[in-house]
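Everything below concerns the one structure shown next.
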Amino acid sequence: MKRILLITLLFSMSFISIRADEGMWLPSLIKDRLPDMQKNGFKLTSKDLYDINNASLKDAIVHFGGGCTGELISSDGLLITNHHCGFGQIQSHSSVKNDYLKDGFWAMSRENELPNKGLTVRFLVRMEDVSSKVFKGINKKTNENDRADIIKKNSSLLIEDAKRGNHYDARVEALYYGNQYFLFVYETYTDIRLVGAPPSSIGKFGGDTDNWMWPRHTGDFSLFRIYAGKDNKPAPYSAENIPYKSKKFFSISTSGVKEGDFTLVYGFPGRTQEYLHSEAVRYVSDVSNPHKINLRTLRLNIQKDEMSSSQEVRIKYASKNASVANAWKKWQGEAKGIKKMNTVNIKKAFEDRFSLWASSKSEYKGLIDSLAVIYKMIEPYSFANDYQAEAINANEIIKFAGTIRGAIIRNSKMSKEISDKNILEIVERYFKDYHLVIDKRSFKALLKEYDRNVPKDFQPLYFNQLIEKFESTDNIVENIFSNSIFASKEKLEKQIGDGIDLKTLANDPAFEFYLKFSDHFNSNIKPQLDNYNSKLSLLYRRYMRGQMEFDKNRDFYPDANSTLRITYGKVRGYSPSDAIYYNYYSTLDGIMEKDNPEIYDYNIPQKLRDVYKLKDFGRWSVNGTVPVCFVASNHTSGGNSGSPVINAQGNLIGINFDRVWEGTMSDIVYDPDVCRNISLDIRYVLFVIDKVAGAGHLISEMNLVD
Ligand code: ARG
Ligand code: GLU
């Protein structure tokens with residue numbers, strides 16, 4: 001019996017302990033990884049990747065629009081990212097007449113590059129371990145409140161210091177659950193123009209059907225250009241601005257990838273949670289994901305229904321639909337992967353071993369149980385939080401009422417004229433992409449689920465009163481849409497003219513609904529969530545340290561937190577299940593196999609069909625076709641979209657844009673056998689620009705190497 005136990009323990013240990021490709025490493029500490037990287041084929045030095053005294057590859061990388069990554073590919077500030085990262089911008093320039101989503105957009109000269117209000121890109125100037133400075137003044141006796149105050153104060157001093165005498169932003173971020181702190185200094189550019197985007201039938205080929213899947217044939221890229229003031233520094237949009245002179249940009253390798261090649265992805269992964277307690281993982285895979293998936297399925301079906309019958313609605317909801325569908329699908333893969341890997345039980349076995357070890361250590365004793373207790377208490381609140389986000393705030397009219405309320409409060413000190421202008425702009429933007437039928441149908445569907453699934457004592461009393469008054473959730477929604485001014489642009493604009501304030505809105509049914517639900521949330525749900533979450537963070541701070549002390553063989557790396565990271569791996573196919581093996585690359589032949597004029601997402605441009613027929617691939621031809629995507633074992637996450645994928649020599653071979661379905665649990669648990677990132681082969685990008693778009697002038701700007 002004991003032996004079996006030992007063997008199971010050893011077994012589970014080998015699952016938890018890290019293998020080659022897992023890890024999101026900090027660029028400033030990458031030197032520590034260099035021997036391993038070199039063993040895997042990497043040819044450059046750590047200073048080529050990150051250096052604060054000389055231009056290094058980090059200077060060619062930006063955090064794009066806050067949620068993606070982009071990289072410079074010319075000395076004139078030309079930037080490449082994913083099509084889905086520029087999607088909002090491409091959509092906002094599109095209309096039924098100029099449908100850039102459908103037809104693509106190519107600026108044939110710099111004057112035609114399109115400005116994008118609100119879009120920014122951020123370079124990392126430098127990063128630095130500031131733990132000792134942040135912890136200065138803290139000792140063993142400091143209580144938690146004082147500790148938090150000291151950290152806050154020390155951090156703001158560091159930030160002030162970093163910003164003195166320059167135009168930078170700075171942040172201090174916690175790593176390893178607050179066991180370590182880093183300072184990040186950024187430079188933000190705000191005049192970013194759209195240069196080119198292929199039609200969606202290339203850039204989003206396969207749409208949401210192929211999303212998160214391999215084999216894949218999506219040409220997921222778009223091009224932008226950073227503009228700067230005459231001094232090359234950030235400047236607000238102006239026709240006088242000039243293309244940014246790149247400190248560093250990527251050379252593009254045209255020699256392609258082979259299985260086993262070293263690959264490195266350099267970008268801004270958003271959020272991972274690799275060190276969770278088993279209870280947290282169980283909640284994600286067994287409760288939260290299934291409920292959120294169900295709510296989004298309802299919305300997606302309604303969107304699909306309405307979008308398929310009108311081009312106008314399709315354009316309006318293209319971006320919203322893509323983002324609803326994206327997380328919806330990921331959650332499914334993630335829950336499946338967690339179950340398949342038996343993560344909850346493996347974590348439990350780990351926790352048992354940890355507890356045994358910790359039983360003699362005062363610092364870590366009882367930690368696992370304490371975490372479990374808090375998780376039990378927080379669960380109903382987390383659940384209510386999920387429904388608040390996915391069933392209440394997901395209703396556009398309700399969220400909009402909240403937005404207008406926020407604007408009224410913010411504008412309270414402005415003149416009526418300025419405030420009105422500001423609010424009218426918000427109204428204009430909102431209704432530009434709004435289709436009432438979708439919102440109303442979704443609202444009905446979501447509110448039914450809210451009623452059915454959220455326990456009564458977690459619902460606002462107000463909701464019960466509404467049910468009593470209107471008798472059904474459908475009638476509640478009907479009433480909102482018949483009587484709220486937020487359902488009508490004209491009525492709302494008239495009200496703004498007549499004078500809009502919180503009092504005039506008090507009896508509006510959408511406004512009231514928004515207020516009552518958020519009041520309920522803010523006074524009954526959020527305080528408990530915050531309370532338990534702060535208890536959890538304290539426990540995790542210790543648990544993280546404990547894991548590092550206990551699990552000596554594991555190579556620890558901090559969870560992603562939207563800071564710049566390096567992950568390296570190899571080009572590799574994989575076996576998703578018994579008897580199936582997936583090749584590591586896809587080609588244009590596969591696009592032609594999927595081509596279907598009847599289905600929007602698969603209806604490729606006629607031009608691409610013509611090129612294919614004539615096999616007019618020019619210098620992009622490889623074995624009589626054109627490579628499109630490839631998979632590798634880099635550990636990536638949301639936010640890594642658009643990240644440069646580079647080879648051993650540091651040249652650009654691809655653009656990261658997705659992960660494979662079987663590996664989407666890697667934000668929580670990484671499996672080297674099936675976790676693969678999907679990249680667009682840079683040669684397909686060049687082919688599309690050259691042969692489909694006829695925008696060869698852009699290629700002349702780039703530096704192509706073997
Ligand atoms: N799954 C990729 C990512 O997480 C691509 C998403 C955009 N594409 C889409 N079909 N919704 O961002
Ligand atoms: N498409 C994702 C993004 O927007 C990248 C895929 C992933 O989550 O790994 O960042």
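Ordering of the structure tokens sets the chain letters (A, B, ...); residue numbers start at 1 within each chain; ligands are numbered from 1 in the order shown.
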Please identify every residue of stretch 68-127 of chain A that has at least one atom no farther than 10 Å from an atom of stretch 635-639 of chain A, counting only C-alpha atoms, and for each give the shortest atom pair and the distance in Å to one decimal, arranged by chain then increasing number, as a Markdown table.
| residue | atom | partner | partner_atom | distance |
| --- | --- | --- | --- | --- |
| A:Cys68 | CA | A:Gly639 | CA | 4.5 |
| A:Thr69 | CA | A:Gly639 | CA | 6.4 |
| A:Cys85 | CA | A:Gly639 | CA | 9.4 |
Selection file, N, CA and C atoms, as a compact mmCIF listing (two decimals), in the first residue's frame:
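Result saved to out.txt:
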# COMPACT_ATOMS: atom_id res chain seq x y z
N CYS A 68 -2.80 43.45 -26.76
CA CYS A 68 -2.08 42.62 -27.72
C CYS A 68 -0.62 43.04 -27.76
N THR A 69 0.12 42.36 -28.60
CA THR A 69 1.52 42.70 -28.82
C THR A 69 1.68 43.07 -30.29
N CYS A 85 -6.29 41.83 -33.58
CA CYS A 85 -5.91 42.91 -32.67
C CYS A 85 -6.26 44.28 -33.25
Which residues sit within 9 Å of ligand 2, counting only C-alpha atoms and all ligand atoms, listed as a PyMOL selection string? chain A and resi 67-69+82+84-85+211-212+268-270+326+330+635-643+656-660+664+666-667+676-678
Generate the output file for the selected residues, N, CA and C atoms, as an mmCIF file, in the first residue's frame.
data_model
loop_
_atom_site.group_PDB
_atom_site.id
_atom_site.type_symbol
_atom_site.label_atom_id
_atom_site.label_comp_id
_atom_site.auth_asym_id
_atom_site.auth_seq_id
_atom_site.Cartn_x
_atom_site.Cartn_y
_atom_site.Cartn_z
ATOM 1 N N GLY A 67 -4.011 45.257 -25.073
ATOM 2 C CA GLY A 67 -4.365 43.840 -24.951
ATOM 3 C C GLY A 67 -3.603 42.915 -25.875
ATOM 4 N N CYS A 68 -2.797 43.453 -26.755
ATOM 5 C CA CYS A 68 -2.083 42.623 -27.721
ATOM 6 C C CYS A 68 -0.622 43.041 -27.758
ATOM 7 N N THR A 69 0.122 42.358 -28.599
ATOM 8 C CA THR A 69 1.519 42.702 -28.818
ATOM 9 C C THR A 69 1.683 43.067 -30.285
ATOM 10 N N ASN A 82 -1.765 41.241 -35.076
ATOM 11 C CA ASN A 82 -2.781 40.373 -35.666
ATOM 12 C C ASN A 82 -3.925 41.172 -36.277
ATOM 13 N N HIS A 84 -6.931 40.269 -35.720
ATOM 14 C CA HIS A 84 -7.927 40.363 -34.652
ATOM 15 C C HIS A 84 -7.555 41.423 -33.618
ATOM 16 N N CYS A 85 -6.295 41.829 -33.585
ATOM 17 C CA CYS A 85 -5.906 42.915 -32.670
ATOM 18 C C CYS A 85 -6.259 44.279 -33.253
ATOM 19 N N ASN A 211 -11.379 29.033 -34.917
ATOM 20 C CA ASN A 211 -10.695 29.710 -33.814
ATOM 21 C C ASN A 211 -10.277 28.700 -32.732
ATOM 22 N N TRP A 212 -9.121 28.903 -32.121
ATOM 23 C CA TRP A 212 -8.568 28.012 -31.085
ATOM 24 C C TRP A 212 -8.341 26.590 -31.591
ATOM 25 N N PHE A 268 3.507 40.252 -24.530
ATOM 26 C CA PHE A 268 2.843 40.687 -23.305
ATOM 27 C C PHE A 268 1.680 39.775 -22.892
ATOM 28 N N PRO A 269 1.975 38.547 -22.429
ATOM 29 C CA PRO A 269 0.887 37.678 -21.977
ATOM 30 C C PRO A 269 0.110 38.319 -20.826
ATOM 31 N N GLY A 270 -1.215 38.151 -20.846
ATOM 32 C CA GLY A 270 -2.077 38.887 -19.922
ATOM 33 C C GLY A 270 -2.149 38.325 -18.512
ATOM 34 N N ASN A 326 -14.829 34.393 -28.602
ATOM 35 C CA ASN A 326 -13.454 33.979 -28.322
ATOM 36 C C ASN A 326 -13.301 33.372 -26.927
ATOM 37 N N LYS A 330 -12.723 29.437 -25.659
ATOM 38 C CA LYS A 330 -11.552 29.113 -24.847
ATOM 39 C C LYS A 330 -11.958 28.420 -23.557
ATOM 40 N N HIS A 635 5.082 28.650 -24.591
ATOM 41 C CA HIS A 635 4.039 28.826 -23.574
ATOM 42 C C HIS A 635 3.500 30.260 -23.656
ATOM 43 N N THR A 636 2.365 30.416 -24.310
ATOM 44 C CA THR A 636 1.803 31.750 -24.566
ATOM 45 C C THR A 636 0.435 31.877 -23.924
ATOM 46 N N SER A 637 -0.065 33.105 -23.910
ATOM 47 C CA SER A 637 -1.405 33.320 -23.368
ATOM 48 C C SER A 637 -2.068 34.476 -24.087
ATOM 49 N N GLY A 638 -3.321 34.779 -23.704
ATOM 50 C CA GLY A 638 -4.016 35.933 -24.258
ATOM 51 C C GLY A 638 -3.157 37.163 -24.009
ATOM 52 N N GLY A 639 -2.983 37.993 -25.035
ATOM 53 C CA GLY A 639 -2.086 39.142 -24.918
ATOM 54 C C GLY A 639 -0.820 38.907 -25.726
ATOM 55 N N ASN A 640 -0.507 37.612 -25.921
ATOM 56 C CA ASN A 640 0.605 37.259 -26.793
ATOM 57 C C ASN A 640 0.197 37.359 -28.263
ATOM 58 N N SER A 641 -1.039 37.670 -28.514
ATOM 59 C CA SER A 641 -1.462 37.841 -29.893
ATOM 60 C C SER A 641 -0.651 38.947 -30.530
ATOM 61 N N GLY A 642 -0.142 38.659 -31.714
ATOM 62 C CA GLY A 642 0.654 39.645 -32.433
ATOM 63 C C GLY A 642 2.123 39.582 -32.075
ATOM 64 N N SER A 643 2.489 38.745 -31.116
ATOM 65 C CA SER A 643 3.885 38.698 -30.679
ATOM 66 C C SER A 643 4.800 38.190 -31.781
ATOM 67 N N ASN A 656 2.637 35.304 -33.648
ATOM 68 C CA ASN A 656 1.812 34.443 -32.791
ATOM 69 C C ASN A 656 0.360 34.917 -32.829
ATOM 70 N N PHE A 657 -0.598 33.993 -32.893
ATOM 71 C CA PHE A 657 -1.983 34.475 -32.805
ATOM 72 C C PHE A 657 -2.951 33.571 -32.053
ATOM 73 N N ASP A 658 -2.546 32.368 -31.689
ATOM 74 C CA ASP A 658 -3.540 31.529 -31.018
ATOM 75 C C ASP A 658 -2.867 30.347 -30.329
ATOM 76 N N ARG A 659 -3.693 29.550 -29.641
ATOM 77 C CA ARG A 659 -3.229 28.270 -29.106
ATOM 78 C C ARG A 659 -4.145 27.185 -29.641
ATOM 79 N N VAL A 660 -3.685 25.945 -29.558
ATOM 80 C CA VAL A 660 -4.526 24.845 -30.030
ATOM 81 C C VAL A 660 -5.528 24.458 -28.941
ATOM 82 N N THR A 664 -5.532 24.702 -24.344
ATOM 83 C CA THR A 664 -5.980 26.009 -23.819
ATOM 84 C C THR A 664 -5.997 26.078 -22.295
ATOM 85 N N SER A 666 -3.449 25.871 -20.619
ATOM 86 C CA SER A 666 -2.079 26.196 -20.202
ATOM 87 C C SER A 666 -1.982 27.453 -19.339
ATOM 88 N N ASP A 667 -3.048 28.238 -19.240
ATOM 89 C CA ASP A 667 -3.023 29.368 -18.300
ATOM 90 C C ASP A 667 -3.056 28.865 -16.867
ATOM 91 N N ARG A 676 0.382 23.939 -27.637
ATOM 92 C CA ARG A 676 1.062 24.514 -28.802
ATOM 93 C C ARG A 676 0.520 25.912 -29.065
ATOM 94 N N ASN A 677 1.441 26.820 -29.371
ATOM 95 C CA ASN A 677 0.996 28.128 -29.852
ATOM 96 C C ASN A 677 0.910 28.075 -31.376
ATOM 97 N N ILE A 678 -0.032 28.822 -31.923
ATOM 98 C CA ILE A 678 -0.201 28.847 -33.378
ATOM 99 C C ILE A 678 0.329 30.169 -33.909
#
For A:Thr218, find every residue with an atom within 6 Å (counting only C-alpha atoms), except residues of its own chain fewer than 5 positions away, and show them as a list in words.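 Those residues are Gly203, Lys204 and Phe205 of chain A.
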Just C-alpha atoms for this one: save the residues we selected as a compact mmCIF listing (two decimals), in the first residue's frame.
# COMPACT_ATOMS: atom_id res chain seq x y z
CA GLY A 203 -7.35 37.73 -41.77
CA LYS A 204 -10.14 35.91 -39.99
CA PHE A 205 -10.32 32.92 -42.35
Between atom CA of A:Asn561 and atom CA of A:Asp59 - distance in Å to one decimal: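 Result for atom CA of A:Asp59 versus atom CA of A:Asn561: 19.5 Å, one decimal.
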Taking the backbone alone, and naming residues the way the document does, which bits of stretch 53-254 of chain A are strand (DSSP E) by DSSP, as a PyMOL selection string? chain A and resi 61-64+68-72+78-81+105-106+114-115+121-129+169-175+180-189+191-197+222-228+242-243+252-253
Rank A:Lys47, A:Lys329, A:Arg353, A:Lys230 by their smallest atom-to-atom distance to ligand 1, using only C-alpha atoms and all ligand atoms, and report the top residue only.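 For ligand 1, the nearest of the given residues is A:Lys329.
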Report the closest atom pair, with its distance in Å rounded to one decimal, for each residue of stretch 157-237 of chain A that has an atom no farther than 12 Å from stretch 570-587 of chain A; count only C-alpha atoms, sort by chain and then rising residue number, and write it as a tab-separated table.
residue	atom	partner	partner_atom	distance
A:Met213	CA	A:Pro576	CA	11.0
A:Trp214	CA	A:Tyr582	CA	8.0
A:Pro215	CA	A:Ser586	CA	6.7
A:Arg216	CA	A:Ser586	CA	6.7
A:His217	CA	A:Ser586	CA	6.6
A:Thr218	CA	A:Ser586	CA	9.8
A:Gly219	CA	A:Thr587	CA	10.9
What does the file look like for those residues with N, CA, C and O atoms, as a short mmCIF file (atom, residue, chain, number, x, y, z; two decimals), in the first residue's frame?
data_model
loop_
_atom_site.label_atom_id
_atom_site.label_comp_id
_atom_site.auth_asym_id
_atom_site.auth_seq_id
_atom_site.Cartn_x
_atom_site.Cartn_y
_atom_site.Cartn_z
N MET A 213 -8.16 26.43 -32.90
CA MET A 213 -8.03 25.07 -33.40
C MET A 213 -6.84 24.93 -34.34
O MET A 213 -6.44 25.86 -35.01
N TRP A 214 -6.37 23.75 -34.38
CA TRP A 214 -5.39 23.33 -35.36
C TRP A 214 -5.98 22.12 -36.06
O TRP A 214 -6.61 21.31 -35.37
N PRO A 215 -5.81 21.91 -37.35
CA PRO A 215 -5.09 22.75 -38.32
C PRO A 215 -5.79 24.09 -38.58
O PRO A 215 -7.02 24.16 -38.52
N ARG A 216 -4.99 25.07 -38.88
CA ARG A 216 -5.50 26.42 -39.02
C ARG A 216 -4.96 27.07 -40.28
O ARG A 216 -3.82 26.79 -40.67
N HIS A 217 -5.76 27.97 -40.87
CA HIS A 217 -5.35 28.60 -42.12
C HIS A 217 -5.64 30.10 -42.12
O HIS A 217 -5.99 30.68 -43.13
N THR A 218 -5.51 30.71 -40.95
CA THR A 218 -5.89 32.12 -40.82
C THR A 218 -4.69 33.05 -41.07
O THR A 218 -3.64 32.88 -40.44
N GLY A 219 -4.87 34.01 -41.95
CA GLY A 219 -3.83 35.01 -42.23
C GLY A 219 -3.99 36.19 -41.28
O GLY A 219 -4.23 37.32 -41.70
#
Restricting to only C-alpha atoms and all ligand atoms, whichever of A:Phe458, A:Phe443, A:Trp328, A:Tyr283 is closest to ligand 1 is A:Trp328
